[in-house]
Amino acid sequence: MESEQELRLKARRMAEEKVDFYVHLLFYIAINGGLITVWWLSGGGFPWFIFVLMFWGIGLAAHGIRAFVSQGYTDILAEREYQRLRGQR
């Protein structure tokens with residue numbers, strides 16, 4: 001069982017990861033909004049900004065998965081490994 005201090009450190013790391021994701025999302029929206037504005041003000045044409053949206057969006061999705069989903073899965077795997085290693089003694 002984890003101590004109170006270990007739980008606080010773990011909670012802090014998880015919170016920092018989520019804040020990092022929100023900052024990443026804010027930059028994604030702001031910069032891509034600017035790119036779309038530049039495209040629109042330059043007369044439209046081929047929507048080249050879609051490539052930036054798509055590839056950066058893939059990275060943003062991976063960051064979101066890491067921040068919100070994988071932590072719980074990592075904890076489950078770590079507990080399984082711990083139990084496996086305890087049984088090998």
# chains A, B, ... in the order shown; residues from 1 in each chain; ligands from 1
$ residues_around --residues "Phe46 (chain A)" --least-positions-apart "6" --cutoff "12 Å" --atoms "only C-alpha atoms" --output "VMD selection string"
chain A and resid 36 39 to 40
$ residues_around --residues "Ala67 (chain A)" --least-positions-apart "6" --cutoff "9 Å" --atoms "only C-alpha atoms" --output "count of residues only"
8
$ atom_distance --atom1 "CA of Phe68 (chain A)" --atom2 "CA of Ala11 (chain A)"
12.5 Å
$ atom_distance --atom1 "CA of Trp56 (chain A)" --atom2 "CA of His24 (chain A)"
10.2 Å
$ residues_around --residues "Ile58 (chain A)" --least-positions-apart "6" --cutoff "12 Å" --atoms "only C-alpha atoms" --output "PDB file with C-alpha atoms, in the first residue's frame"
ATOM      1  CA  LEU A  25      -4.563  21.692 -26.782  1.00  0.00           C
ATOM      2  CA  TYR A  28      -3.153  23.481 -31.168  1.00  0.00           C
ATOM      3  CA  PHE A  51      -2.166  18.528 -43.197  1.00  0.00           C
ATOM      4  CA  VAL A  52      -1.032  20.429 -40.112  1.00  0.00           C
ATOM      5  CA  GLY A  64      -4.463  12.900 -24.505  1.00  0.00           C
ATOM      6  CA  ILE A  65      -4.387   9.115 -24.303  1.00  0.00           C
TER       7      ILE A  65
END
$ closest_residue --among "A:Arg12, A:Leu60, A:Arg66, A:Tyr73" --to "Leu26 (chain A)" --atoms "only C-alpha atoms"
A:Leu60
